[in-house]
Every structure is written in C-alpha cells, then in structure tokens.
$ cat data-v3.txt   # compact mmCIF, C-alpha atoms and all ligand atoms
# COMPACT_ATOMS: atom_id res chain seq x y z
CA MET A 8 0.69 6.21 -29.37
CA THR A 9 2.00 4.93 -32.70
CA ALA A 10 -0.02 5.62 -35.87
CA SER A 11 -0.30 1.92 -36.56
CA LEU A 12 -1.81 1.19 -33.12
CA GLU A 13 -4.46 3.89 -33.59
CA GLU A 14 -5.16 2.65 -37.13
CA LYS A 15 -5.52 -0.94 -35.96
CA PHE A 16 -7.79 0.09 -33.11
CA ARG A 17 -9.95 2.16 -35.48
CA GLY A 18 -9.98 -0.73 -37.96
CA ARG A 19 -11.30 -3.06 -35.26
CA PHE A 20 -13.57 -0.80 -33.21
CA GLY A 21 -14.29 2.24 -35.39
CA ARG A 22 -12.84 4.86 -33.04
CA ALA A 23 -9.59 5.85 -31.35
CA PRO A 24 -8.50 4.27 -28.03
CA ALA A 25 -8.78 6.39 -24.89
CA HIS A 26 -6.04 4.67 -22.86
CA VAL A 27 -2.87 2.88 -23.97
CA ALA A 28 -0.46 0.92 -21.78
CA ARG A 29 2.65 -1.06 -22.62
CA ALA A 30 4.60 -3.61 -20.58
CA PRO A 31 7.83 -5.40 -21.48
CA GLY A 32 8.76 -9.05 -21.54
CA ARG A 33 11.59 -10.18 -19.28
CA ILE A 34 14.69 -12.28 -19.20
CA GLU A 35 15.24 -14.29 -16.05
CA PHE A 36 18.90 -13.30 -15.54
CA ILE A 37 19.64 -15.55 -12.57
CA GLY A 38 17.58 -17.07 -9.75
CA ASN A 39 15.86 -20.17 -11.11
CA HIS A 40 12.73 -21.08 -9.13
CA THR A 41 13.99 -19.01 -6.20
CA ASP A 42 11.04 -16.59 -6.23
CA TYR A 43 8.27 -18.73 -4.75
CA ASN A 44 10.81 -20.12 -2.28
CA GLY A 45 11.21 -16.66 -0.71
CA GLY A 46 14.65 -16.07 -2.23
CA THR A 47 16.26 -13.41 -4.39
CA VAL A 48 16.26 -13.13 -8.18
CA LEU A 49 17.59 -10.85 -10.92
CA GLY A 50 15.74 -10.15 -14.17
CA ALA A 51 15.94 -7.78 -17.12
CA SER A 52 12.98 -6.08 -18.75
CA ILE A 53 13.54 -6.06 -22.51
CA ASP A 54 12.77 -3.76 -25.42
CA ARG A 55 9.84 -5.87 -26.64
CA GLY A 56 6.47 -6.22 -25.04
CA VAL A 57 2.70 -6.09 -25.10
CA THR A 58 0.52 -3.03 -25.74
CA VAL A 59 -3.06 -2.81 -24.54
CA ALA A 60 -5.38 -0.10 -25.91
CA VAL A 61 -8.81 0.52 -24.37
CA ALA A 62 -11.84 2.67 -25.21
CA PRO A 63 -15.02 2.87 -23.11
CA ARG A 64 -18.37 1.39 -24.20
CA ASP A 65 -21.66 2.21 -22.49
CA ASP A 66 -23.57 -1.04 -23.12
CA GLY A 67 -22.03 -3.08 -20.28
CA GLN A 68 -19.93 -5.27 -22.57
CA TRP A 69 -16.25 -6.03 -22.67
CA ARG A 70 -14.88 -6.81 -26.10
CA PHE A 71 -11.34 -8.15 -26.53
CA ALA A 72 -9.38 -8.49 -29.76
CA THR A 73 -5.80 -9.38 -30.61
CA GLU A 74 -3.83 -9.84 -33.80
CA GLY A 75 -3.42 -13.38 -35.00
CA ARG A 76 -5.63 -15.12 -32.45
CA GLY A 77 -9.01 -15.23 -34.07
CA GLY A 78 -12.12 -13.23 -33.50
CA LEU A 79 -13.55 -10.84 -31.04
CA VAL A 80 -14.31 -12.14 -27.53
CA THR A 81 -17.42 -10.44 -26.14
CA LEU A 82 -18.35 -10.82 -22.46
CA PRO A 83 -20.69 -9.07 -20.04
CA ALA A 84 -18.94 -6.61 -17.68
CA THR A 85 -19.00 -8.10 -14.16
CA ALA A 86 -16.84 -8.03 -11.05
CA SER A 87 -16.60 -11.87 -11.17
CA PRO A 88 -15.72 -12.88 -14.73
CA THR A 89 -15.79 -16.53 -15.83
CA PRO A 90 -12.52 -18.09 -17.07
CA GLN A 91 -12.46 -18.77 -20.82
CA SER A 92 -11.08 -21.87 -22.53
CA GLY A 93 -9.72 -22.98 -25.90
CA ALA A 94 -8.86 -20.27 -28.45
CA ASN A 95 -10.21 -17.58 -26.13
CA SER A 96 -8.09 -18.53 -23.14
CA TRP A 97 -5.63 -15.65 -23.75
CA VAL A 98 -8.41 -13.37 -22.44
CA ASN A 99 -7.93 -14.95 -19.00
CA TYR A 100 -5.00 -12.58 -18.38
CA PRO A 101 -7.02 -9.32 -18.63
CA LEU A 102 -10.01 -11.09 -17.01
CA GLY A 103 -7.78 -12.29 -14.18
CA VAL A 104 -6.65 -8.71 -13.57
CA ILE A 105 -10.28 -7.61 -13.35
CA ALA A 106 -11.17 -10.50 -11.03
CA SER A 107 -8.25 -9.53 -8.74
CA LEU A 108 -9.15 -5.82 -8.54
CA ALA A 109 -11.61 -6.35 -5.66
CA ALA A 110 -8.92 -8.07 -3.55
CA PHE A 111 -6.86 -4.85 -3.92
CA GLY A 112 -9.74 -2.53 -3.02
CA ARG A 113 -10.45 -1.39 -6.57
CA GLN A 114 -13.56 -1.55 -8.74
CA ALA A 115 -14.02 -3.57 -11.92
CA PRO A 116 -14.15 -1.44 -15.07
CA ALA A 117 -17.43 -0.79 -16.88
CA GLY A 118 -17.78 -1.71 -20.57
CA PHE A 119 -14.84 -1.31 -22.94
CA ASP A 120 -13.25 -2.35 -26.20
CA CYS A 121 -9.72 -3.67 -25.79
CA LEU A 122 -7.06 -4.38 -28.41
CA VAL A 123 -3.89 -6.30 -27.51
CA LEU A 124 -0.79 -6.03 -29.70
CA SER A 125 2.54 -7.72 -29.08
CA ASP A 126 6.04 -7.73 -30.52
CA LEU A 127 7.13 -10.35 -28.01
CA PRO A 128 7.45 -13.94 -29.19
CA THR A 129 5.22 -16.25 -27.15
CA GLY A 130 6.63 -19.50 -25.77
CA ALA A 131 10.16 -18.06 -25.80
CA GLY A 132 10.49 -17.92 -22.02
CA LEU A 133 10.24 -14.11 -22.15
CA SER A 134 7.01 -14.01 -20.14
CA SER A 135 4.54 -12.59 -22.60
CA SER A 136 1.93 -13.52 -19.97
CA ALA A 137 3.35 -11.10 -17.36
CA ALA A 138 3.60 -8.38 -20.02
CA LEU A 139 -0.06 -8.95 -20.91
CA LEU A 140 -1.06 -8.87 -17.23
CA LEU A 141 0.80 -5.63 -16.49
CA ALA A 142 -0.32 -3.80 -19.64
CA SER A 143 -3.94 -4.96 -19.04
CA ALA A 144 -3.84 -3.83 -15.41
CA LEU A 145 -2.61 -0.35 -16.33
CA GLY A 146 -5.20 -0.11 -19.14
CA MET A 147 -8.10 -1.33 -16.95
CA LEU A 148 -7.17 0.95 -14.05
CA ALA A 149 -7.01 3.92 -16.46
CA ARG A 150 -10.46 2.93 -17.78
CA CYS A 151 -11.87 3.36 -14.26
CA GLY A 152 -9.77 6.41 -13.36
CA GLN A 153 -8.01 4.41 -10.62
CA ASP A 154 -4.37 3.95 -9.75
CA LEU A 155 -2.26 1.57 -7.66
CA PRO A 156 1.22 1.96 -6.19
CA ARG A 157 3.67 0.02 -8.39
CA ALA A 158 4.38 -2.77 -5.87
CA GLU A 159 0.61 -3.31 -5.44
CA LEU A 160 0.15 -3.41 -9.21
CA VAL A 161 2.80 -6.11 -9.50
CA LYS A 162 1.23 -8.12 -6.66
CA LEU A 163 -2.21 -7.79 -8.24
CA CYS A 164 -0.86 -9.24 -11.50
CA ARG A 165 0.70 -12.18 -9.66
CA HIS A 166 -2.58 -12.68 -7.78
CA ALA A 167 -4.38 -12.85 -11.14
CA GLU A 168 -1.96 -15.45 -12.49
CA ASN A 169 -2.09 -17.55 -9.28
CA HIS A 170 -5.84 -17.41 -8.66
CA PHE A 171 -7.51 -16.88 -12.05
CA VAL A 172 -5.11 -18.32 -14.61
CA GLY A 173 -4.15 -20.99 -12.06
CA VAL A 174 -0.33 -21.00 -12.28
CA PRO A 175 1.48 -21.08 -8.89
CA CYS A 176 4.22 -18.70 -10.14
CA GLY A 177 6.30 -16.40 -7.97
CA ILE A 178 6.72 -12.63 -8.35
CA LEU A 179 9.68 -12.62 -10.79
CA ASP A 180 7.91 -12.06 -14.11
CA GLN A 181 5.45 -9.42 -12.93
CA GLY A 182 8.08 -7.70 -10.76
CA VAL A 183 10.57 -7.34 -13.60
CA SER A 184 7.95 -6.17 -16.09
CA GLY A 185 6.68 -3.66 -13.52
CA PHE A 186 9.98 -2.36 -12.13
CA GLY A 187 12.23 -2.73 -15.19
CA ARG A 188 14.59 0.00 -16.24
CA LYS A 189 16.68 0.31 -19.39
CA ASP A 190 20.36 -0.60 -18.84
CA HIS A 191 19.53 -2.09 -15.44
CA LEU A 192 18.55 -5.40 -13.92
CA VAL A 193 15.71 -5.69 -11.43
CA PHE A 194 16.69 -7.26 -8.12
CA ILE A 195 13.79 -8.75 -6.17
CA ASP A 196 13.89 -9.98 -2.62
CA CYS A 197 10.78 -12.10 -3.03
CA ARG A 198 10.04 -12.38 0.66
CA GLY A 199 8.88 -8.73 1.01
CA PRO A 200 8.69 -8.51 -1.83
CA THR A 201 11.05 -5.57 -2.29
CA PHE A 202 12.31 -4.29 -5.62
CA ALA A 203 15.53 -2.49 -6.59
CA THR A 204 17.53 -1.92 -9.75
CA VAL A 205 21.19 -2.75 -10.37
CA PRO A 206 23.09 -1.04 -13.23
CA LEU A 207 24.20 -3.36 -16.01
CA PRO A 208 27.75 -2.78 -17.31
CA ALA A 209 27.57 -1.05 -20.75
CA SER A 210 29.38 -3.84 -22.61
CA ALA A 211 26.81 -6.52 -21.64
CA ARG A 212 24.82 -7.99 -24.54
CA PHE A 213 21.92 -10.46 -24.50
CA TRP A 214 21.16 -13.22 -26.98
CA ILE A 215 18.14 -15.49 -26.65
CA PHE A 216 18.00 -18.91 -28.32
CA ASN A 217 14.44 -20.19 -28.33
CA THR A 218 14.26 -23.94 -28.86
CA HIS A 219 10.51 -23.86 -29.55
CA THR A 220 10.34 -27.04 -27.53
CA LYS A 221 7.97 -27.28 -24.67
CA HIS A 222 7.48 -30.31 -22.52
CA ALA A 223 3.91 -31.55 -22.90
CA LEU A 224 3.50 -31.49 -19.13
CA VAL A 225 5.25 -28.17 -18.56
CA ASP A 226 2.54 -26.60 -16.39
CA GLY A 227 2.21 -29.75 -14.32
CA LEU A 228 5.99 -30.04 -13.96
CA TYR A 229 6.26 -26.44 -12.75
CA ALA A 230 3.57 -27.11 -10.16
CA ALA A 231 5.34 -30.36 -9.21
CA ARG A 232 8.63 -28.50 -8.56
CA HIS A 233 6.66 -26.00 -6.46
CA ARG A 234 5.25 -28.85 -4.36
CA GLU A 235 8.62 -30.60 -4.08
CA CYS A 236 10.23 -27.39 -2.79
CA MET A 237 7.52 -26.90 -0.16
CA ALA A 238 7.92 -30.54 0.92
CA ALA A 239 11.72 -30.14 1.13
CA ALA A 240 11.27 -27.00 3.28
CA ALA A 241 8.93 -28.88 5.60
CA ALA A 242 11.44 -31.74 5.86
CA LEU A 243 14.13 -29.21 6.81
CA GLY A 244 11.81 -27.67 9.41
CA VAL A 245 11.65 -24.24 7.73
CA LYS A 246 8.72 -22.36 6.21
CA LEU A 247 10.42 -21.68 2.89
CA LEU A 248 13.70 -22.96 1.45
CA ALA A 249 15.13 -19.42 1.57
CA ASP A 250 15.12 -19.84 5.37
CA ALA A 251 17.74 -22.61 5.12
CA SER A 252 21.45 -22.06 4.45
CA PRO A 253 23.58 -24.28 2.16
CA ALA A 254 25.32 -25.60 5.32
CA GLN A 255 21.97 -26.56 6.87
CA VAL A 256 20.95 -28.46 3.75
CA GLU A 257 24.28 -30.35 3.75
CA ALA A 258 23.92 -31.13 7.45
CA ALA A 259 20.44 -32.56 6.85
CA ARG A 260 21.41 -34.58 3.77
CA ALA A 261 21.18 -38.00 5.45
CA THR A 262 17.67 -37.26 6.68
CA LEU A 263 16.32 -36.00 3.35
CA ALA A 264 15.04 -38.07 0.45
CA PRO A 265 17.59 -37.74 -2.42
CA GLU A 266 15.15 -35.74 -4.55
CA ALA A 267 14.30 -33.33 -1.71
CA TYR A 268 18.04 -32.85 -1.09
CA ARG A 269 18.67 -32.00 -4.78
CA ARG A 270 15.78 -29.51 -4.94
CA ALA A 271 16.79 -27.83 -1.67
CA LYS A 272 20.48 -27.68 -2.62
CA HIS A 273 19.61 -26.04 -5.94
CA ILE A 274 17.46 -23.37 -4.31
CA VAL A 275 19.79 -22.41 -1.44
CA GLU A 276 22.88 -22.36 -3.67
CA GLU A 277 21.01 -20.47 -6.39
CA ILE A 278 20.07 -17.76 -3.89
CA ALA A 279 23.77 -17.50 -2.95
CA ARG A 280 24.61 -17.20 -6.68
CA VAL A 281 22.09 -14.37 -7.12
CA ASP A 282 23.67 -12.47 -4.25
CA ALA A 283 27.19 -13.12 -5.61
CA THR A 284 26.01 -11.89 -9.04
CA VAL A 285 24.91 -8.56 -7.56
CA VAL A 286 28.37 -8.12 -6.00
CA ALA A 287 30.11 -9.01 -9.29
CA LEU A 288 27.84 -6.63 -11.26
CA GLN A 289 28.65 -3.82 -8.85
CA ALA A 290 32.34 -4.50 -9.50
CA GLY A 291 31.72 -4.55 -13.28
CA ASP A 292 33.10 -8.10 -13.35
CA LEU A 293 31.15 -9.75 -16.17
CA ALA A 294 33.50 -12.73 -16.32
CA THR A 295 32.47 -13.72 -12.79
CA VAL A 296 28.83 -12.96 -13.58
CA GLY A 297 29.09 -15.29 -16.58
CA ARG A 298 30.56 -18.13 -14.50
CA LEU A 299 27.67 -17.77 -12.05
CA LEU A 300 25.14 -17.88 -14.90
CA THR A 301 26.57 -21.10 -16.32
CA ALA A 302 26.82 -22.60 -12.82
CA SER A 303 23.13 -21.77 -12.39
CA HIS A 304 22.33 -23.73 -15.53
CA ARG A 305 24.35 -26.73 -14.36
CA SER A 306 22.41 -26.69 -11.11
CA SER A 307 19.09 -26.59 -12.99
CA GLN A 308 20.35 -29.41 -15.18
CA HIS A 309 21.59 -31.74 -12.45
CA LEU A 310 19.84 -30.77 -9.21
CA PHE A 311 16.54 -29.13 -10.11
CA GLU A 312 16.16 -31.32 -13.21
CA ASN A 313 14.18 -28.77 -15.21
CA SER A 314 16.49 -28.63 -18.24
CA THR A 315 16.26 -30.57 -21.52
CA PRO A 316 18.87 -32.01 -23.94
CA GLU A 317 18.15 -29.07 -26.30
CA LEU A 318 18.78 -26.45 -23.63
CA ASP A 319 21.90 -28.27 -22.40
CA PHE A 320 23.27 -28.46 -25.95
CA LEU A 321 22.87 -24.71 -26.41
CA VAL A 322 24.51 -23.93 -23.07
CA ASP A 323 27.43 -26.29 -23.82
CA ARG A 324 28.03 -24.63 -27.22
CA LEU A 325 27.59 -21.09 -25.97
CA ALA A 326 29.73 -21.55 -22.87
CA ALA A 327 32.58 -22.74 -25.12
CA SER A 328 32.53 -19.51 -27.16
CA PRO A 329 35.24 -16.97 -26.27
CA HIS A 330 32.71 -14.11 -26.59
CA VAL A 331 30.17 -15.60 -24.20
CA HIS A 332 30.44 -14.75 -20.50
CA GLY A 333 27.84 -17.34 -19.53
CA ALA A 334 24.61 -19.01 -20.59
CA ARG A 335 21.66 -20.61 -18.87
CA LEU A 336 18.06 -21.62 -19.32
CA SER A 337 15.78 -18.68 -18.58
CA GLY A 338 12.38 -19.16 -16.98
CA GLY A 339 10.52 -22.19 -15.74
CA GLY A 340 12.50 -24.71 -17.83
CA PHE A 341 11.33 -28.03 -19.36
CA GLY A 342 11.90 -26.42 -22.78
CA GLY A 343 11.83 -22.78 -23.80
CA ALA A 344 14.88 -20.61 -24.22
CA VAL A 345 18.53 -20.17 -23.28
CA MET A 346 19.93 -16.74 -22.50
CA ALA A 347 23.55 -15.89 -23.24
CA LEU A 348 25.35 -12.91 -21.74
CA THR A 349 28.01 -11.94 -24.26
CA THR A 350 30.64 -9.37 -25.13
CA PRO A 351 29.87 -6.92 -27.99
CA GLU A 352 32.04 -9.12 -30.26
CA PHE A 353 29.46 -11.90 -30.25
CA GLY A 354 27.47 -11.28 -33.44
CA ASN A 355 25.32 -12.92 -36.08
CA ALA A 356 28.17 -15.15 -37.32
CA GLN A 357 28.74 -16.56 -33.82
CA ALA A 358 25.01 -17.04 -33.30
CA ALA A 359 24.73 -18.80 -36.68
CA ALA A 360 27.53 -21.22 -35.74
CA VAL A 361 25.53 -22.22 -32.66
CA THR A 362 22.23 -22.58 -34.53
CA SER A 363 23.76 -24.67 -37.34
CA ALA A 364 25.35 -27.07 -34.85
CA TYR A 365 21.97 -27.30 -33.11
CA ALA A 366 20.20 -27.97 -36.43
CA VAL A 367 22.60 -30.85 -37.19
CA GLN A 368 21.81 -32.38 -33.81
CA PHE A 369 18.07 -31.73 -33.54
CA GLY A 370 16.91 -31.26 -37.15
CA GLN A 371 15.66 -27.72 -36.78
CA SER A 372 17.11 -24.33 -35.88
CA PRO A 373 16.35 -22.41 -32.72
CA GLU A 374 14.96 -18.90 -33.12
CA VAL A 375 17.56 -16.24 -32.28
CA LEU A 376 16.73 -12.94 -30.68
CA HIS A 377 19.34 -10.27 -29.98
CA THR A 378 17.60 -8.15 -27.42
CA GLN A 379 18.35 -5.20 -25.20
CA THR A 380 17.03 -4.00 -21.88
CA GLY A 381 14.05 -1.64 -21.89
CA ASP A 382 11.91 0.28 -19.43
CA GLY A 383 9.18 -1.27 -17.29
CA ALA A 384 5.40 -1.12 -17.72
CA GLN A 385 3.94 2.31 -18.33
CA LEU A 386 0.80 4.13 -19.33
CA LEU A 387 1.52 5.71 -22.73
CA GLN A 388 -1.82 7.47 -22.89
CA ALA A 389 -3.72 8.10 -19.66
C1 LIG A 401 8.41 -18.92 -14.40
C2 LIG A 401 7.56 -18.32 -13.28
C3 LIG A 401 8.42 -17.46 -12.34
C4 LIG A 401 9.64 -18.22 -11.86
C5 LIG A 401 10.37 -18.89 -13.03
C6 LIG A 401 11.47 -19.80 -12.60
O1 LIG A 401 8.90 -17.91 -15.24
O2 LIG A 401 6.52 -17.56 -13.83
O3 LIG A 401 7.63 -17.00 -11.27
O4 LIG A 401 9.29 -19.16 -10.88
O5 LIG A 401 9.49 -19.64 -13.84
O6 LIG A 401 12.47 -19.09 -11.92
$ encode --input "data-v3.txt" --output "structure tokens" --more "lines below"
Ligand code: GLA
Amino acid sequence: MTASLEEKFRGRFGRAPAHVARAPGRIEFIGNHTDYNGGTVLGASIDRGVTVAVAPRDDGQWRFATEGRGGLVTLPATASPTPQSGANSWVNYPLGVIASLAAFGRQAPAGFDCLVLSDLPTGAGLSSSAALLLASALGMLARCGQDLPRAELVKLCRHAENHFVGVPCGILDQGVSGFGRKDHLVFIDCRGPTFATVPLPASARFWIFNTHTKHALVDGLYAARHRECMAAAAALGVKLLADASPAQVEAARATLAPEAYRRAKHIVEEIARVDATVVALQAGDLATVGRLLTASHRSSQHLFENSTPELDFLVDRLAASPHVHGARLSGGGFGGAVMALTTPEFGNAQAAAVTSAYAVQFGQSPEVLHTQTGDGAQLLQA
C-alpha cells in the first residue's frame, strides 16, 4: 500500500484500511462491439487504474468516499442494495458488485468503510467503470474472507454492470481488467468466455487522444447498436452474429435491410480482423497490425456508424504519420478517445502536431495520454 493511500484513508475514516485492491483501465485494441455478439476481441490493460481500500465497521453501515466527487455516501448493509442517482451514482459500481454476489453463490459483506482512488481519466474510453467494478469486487470479497476464480470474478463484474448499472455491455472491459498482463494483450473469445494473453512486440507504443466529446445519447446509442445486432442476427437466422461468416452476410445482402447489412458486415469482418491481428502479432508484424487497426476504424466509421467527425479527424491525421502503425476509436464510440499504435519514434512533438491541427479544426485540444500496458486486477493487501 502506498503511504498516500493509507494517509488518505486515515484522513477520511480515522484508521488504516484492512484490504486494498487495484484494477487497471483498458484499451480496446481491436474488436469493436464484437464482444456481445459472441466474437473475439483484443484489449490491453494499462498502467493506470482504480484502487479500492476497505476497513470493517460493526454498525451495519457501508460508507463510501472518493476524491473529487463530493461527500460520504452512507447506506445500510443489505444483500439487496438500492441503486443511487445523481452525484452518488458512482456508488452503483460497488453496490452492483454486492448485489451480484448472491448470483455467484457468495455472501454480501457486513459493514465497511470504503475509499476509492483513481489515476485513470474518466470519459476517456479507458473503462474506469470496469476498473472500479473489479477493484470493488476484490475488496468486497476480501472483506468477507471469500474468493472467486478469476473468470467468475470477471463474469460477476459484467453481471453487475448489466443488471445493476443497467448497461448491456459485453465482457471486454471486465475481462481485460481482470486478465491483463504487462507487455501482453488479452485475447477473449467472448462466447465461452475464454481468456488468453498474447505477447506484444517490445517496440509497440500506445498513445491515447481523448476528444472529451460524448454524444448526449451515448448510452442509448450503445443499447441501440446492441438491439440492431440482435435483430440482424435474427434476420440471418443465427443466434449471434459471430455464428455468421462474411460470405453468409454477403449472400444474404438482398434479403437484409441496408442498416442490418452494415451492422452485420462490420461485426463479422471485425471478428476476422481480430483473428488476423493475433496472427500478425505472433509474427511480430506491427505494420500489418496497424493496417488492421485503421481498417477497423473505417468499418466503425462507415458500417457500424459509431464514430464522430472528431474521432475521424484524429484517425486521418494519425494514420498519415510515418511513425504510426494504425489508429482507431477505442471503446463504445459516439465520442471518447482514439488509440494510436506507434513506433518508439512517435513522441511529444508528433502528438503536439496532431493536437494543434485538431485545435484549429474544433477549437479545443484533445487530452493526450502516453500509456503503457500494466498488470490486471489484484489484491494488494489481503
Ligand atoms: C464498451 C463496452 C464493451 C464493448 C465496447 C465496444 O466499452 O463496455 O463491452 O462492447 O464498448 O467494443
């Protein structure tokens, strides 16, 4: 535990924490909206994340605090917590974990004080929500002296986000935060789901350009894409789009509504790109990986229609740079961030050239984050 975490916990709650867990944010490397369609996806856990520190209380209360988001949230300890709204809604992530424990055969924790700290920018498409879920789950389980196999832990966190927070997300964010490994990517076959790691060539570098734009209807648009994909699968006569091949989608084109065809084509071709990316990574061929990344963005832009002019501008600029292998929107889309995979020669000067061009076009600069891979969620103090 770092001195500053213990100090902050003491400052808030007057004693040291008993359990500390940390979980990283993630970059969606490639595989856009493939997860809930039963496909494959690659992600990277990064060196920034969320830390959750917990100490027991014996008065049957849960108290939650975080830096920069207002006051203490105090709730009665119960196996069926009530969702919070407004400024307190961030607490729905740890509460969702608690609410999901029963479905995974575990008990809800008794009273505790909980402090959440983060060095992960929110709204940057780096899934601070999955990091909060995973770190909370490890902290809560430690509070009750319970444990879960890693794949179950990841599924529990997705269950919490689907059923308590109410977002119909796939397993990507939680899987990468849970199974991440420094200098590796996490490969998920979302059907199982099964998890594996793929080594990342040593010269690979990541740059994130966060537009700080977010479509007003982003949650609704994500859910709409989810529905459109399920409808396209039904029209193709398969359970999930991952069950269809690119050839099948082409063969059915005349029978599909144009929108269903575009959504289905994106998903089946994106799954093929994920699989081709794994092969190229194994061959150490970052140039091919980069072409697949940029092709993924073009497919999001034109077929899945979840990009924005800001994201497209960044990808166009980045893809034209000699030190960039490829660039694409990372995460749900409709705003958020672009990820660039670069050579080590891409540096602050190259990033600044991109941000100044963006500022001329859009009147403000994107936030730049040069990040590295990091290890997955872990209990730092049991
Ligand atoms: C969000 C969701 C993920 C995934 C991506 C798009 O990050 O949380 O489950 O669907 O969007 O690939």
$ residues_around --input "data-v3.txt" --residues "Gly38 of chain A" --least-positions-apart "2" --cutoff "8 Å" --atoms "only C-alpha atoms" --output "PyMOL selection string"
chain A and resi 35-36+40-42+47-49+277-278+280-281+303
$ write_last_selection --input "data-v3.txt" --atoms "C-alpha atoms" --output "mmCIF file, in the frame of the given file"
data_model
loop_
_atom_site.group_PDB
_atom_site.id
_atom_site.type_symbol
_atom_site.label_atom_id
_atom_site.label_comp_id
_atom_site.auth_asym_id
_atom_site.auth_seq_id
_atom_site.Cartn_x
_atom_site.Cartn_y
_atom_site.Cartn_z
ATOM 1 C CA GLU A 35 15.240 -14.290 -16.050
ATOM 2 C CA PHE A 36 18.900 -13.300 -15.540
ATOM 3 C CA HIS A 40 12.730 -21.080 -9.130
ATOM 4 C CA THR A 41 13.990 -19.010 -6.200
ATOM 5 C CA ASP A 42 11.040 -16.590 -6.230
ATOM 6 C CA THR A 47 16.260 -13.410 -4.390
ATOM 7 C CA VAL A 48 16.260 -13.130 -8.180
ATOM 8 C CA LEU A 49 17.590 -10.850 -10.920
ATOM 9 C CA GLU A 277 21.010 -20.470 -6.390
ATOM 10 C CA ILE A 278 20.070 -17.760 -3.890
ATOM 11 C CA ARG A 280 24.610 -17.200 -6.680
ATOM 12 C CA VAL A 281 22.090 -14.370 -7.120
ATOM 13 C CA SER A 303 23.130 -21.770 -12.390
#
$ residues_around --input "data-v3.txt" --residues "Val183 of chain A" --least-positions-apart "5" --cutoff "9 Å" --atoms "all atoms listed in the file" --output "list in words"
Pro31, Gly32, Arg33, Ile34, Glu35, Leu49, Gly50, Ala51, Ser52, Ala137, Val161, Ile178, Arg188, Leu192, Val193, Phe194, Ile195, Phe202 and Gly383 of chain A
$ residues_near_point --input "data-v3.txt" --point "(1.3, -3.1, -7.9)" --cutoff "10 Å" --atoms "only C-alpha atoms" --output "JSON list (two decimals) with C-alpha atoms, in the frame of the given file"
[["chain", "number", "residue", "atom", "x", "y", "z"],
["A", 111, "PHE", "CA", -6.86, -4.85, -3.92],
["A", 141, "LEU", "CA", 0.80, -5.63, -16.49],
["A", 144, "ALA", "CA", -3.84, -3.83, -15.41],
["A", 145, "LEU", "CA", -2.61, -0.35, -16.33],
["A", 154, "ASP", "CA", -4.37, 3.95, -9.75],
["A", 155, "LEU", "CA", -2.26, 1.57, -7.66],
["A", 156, "PRO", "CA", 1.22, 1.96, -6.19],
["A", 157, "ARG", "CA", 3.67, 0.02, -8.39],
["A", 158, "ALA", "CA", 4.38, -2.77, -5.87],
["A", 159, "GLU", "CA", 0.61, -3.31, -5.44],
["A", 160, "LEU", "CA", 0.15, -3.41, -9.21],
["A", 161, "VAL", "CA", 2.80, -6.11, -9.50],
["A", 162, "LYS", "CA", 1.23, -8.12, -6.66],
["A", 163, "LEU", "CA", -2.21, -7.79, -8.24],
["A", 164, "CYS", "CA", -0.86, -9.24, -11.50],
["A", 165, "ARG", "CA", 0.70, -12.18, -9.66],
["A", 181, "GLN", "CA", 5.45, -9.42, -12.93],
["A", 182, "GLY", "CA", 8.08, -7.70, -10.76],
["A", 185, "GLY", "CA", 6.68, -3.66, -13.52],
["A", 186, "PHE", "CA", 9.98, -2.36, -12.13]]
$ residues_around --input "data-v3.txt" --residues "Thr220 of chain A" --least-positions-apart "3" --cutoff "9 Å" --atoms "all atoms listed in the file" --output "PDB file with C-alpha atoms, in the frame of the given file"
ATOM      1  CA  GLY A 130       6.630 -19.500 -25.770  1.00  0.00           C
ATOM      2  CA  ASN A 217      14.440 -20.190 -28.330  1.00  0.00           C
ATOM      3  CA  GLU A 317      18.150 -29.070 -26.300  1.00  0.00           C
ATOM      4  CA  PHE A 341      11.330 -28.030 -19.360  1.00  0.00           C
ATOM      5  CA  GLY A 342      11.900 -26.420 -22.780  1.00  0.00           C
ATOM      6  CA  GLY A 343      11.830 -22.780 -23.800  1.00  0.00           C
ATOM      7  CA  ALA A 344      14.880 -20.610 -24.220  1.00  0.00           C
TER       8      ALA A 344
END
$ closest_residue --input "data-v3.txt" --among "A:Ala258, A:Val345, A:Ile37, A:Met147" --to "ligand LIG 401 (chain A)" --atoms "only C-alpha atoms and all ligand atoms"
A:Ile37
$ closest_residue --input "data-v3.txt" --among "A:Val275, A:Ala259, A:Ala28, A:Ala238" --to "Ala384 of chain A" --atoms "all atoms listed in the file"
A:Ala28
$ atom_distance --input "data-v3.txt" --atom1 "atom CA of Thr204 of chain A" --atom2 "atom CA of Val104 of chain A"
25.4 Å
$ closest_residue --input "data-v3.txt" --among "A:Phe320, A:Tyr229, A:Tyr268, A:Phe369" --to "ligand LIG 401 (chain A)" --atoms "all atoms listed in the file"
A:Tyr229
$ closest_residue --input "data-v3.txt" --among "A:Arg64, A:His166, A:Lys221, A:Arg29" --to "Pro116 of chain A" --atoms "only C-alpha atoms"
A:Arg64
$ atom_distance --input "data-v3.txt" --atom1 "atom CA of Ala30 of chain A" --atom2 "atom CA of Lys189 of chain A"
12.8 Å
$ atom_distance --input "data-v3.txt" --atom1 "atom CA of Ser134 of chain A" --atom2 "atom CA of Gln68 of chain A"
28.4 Å
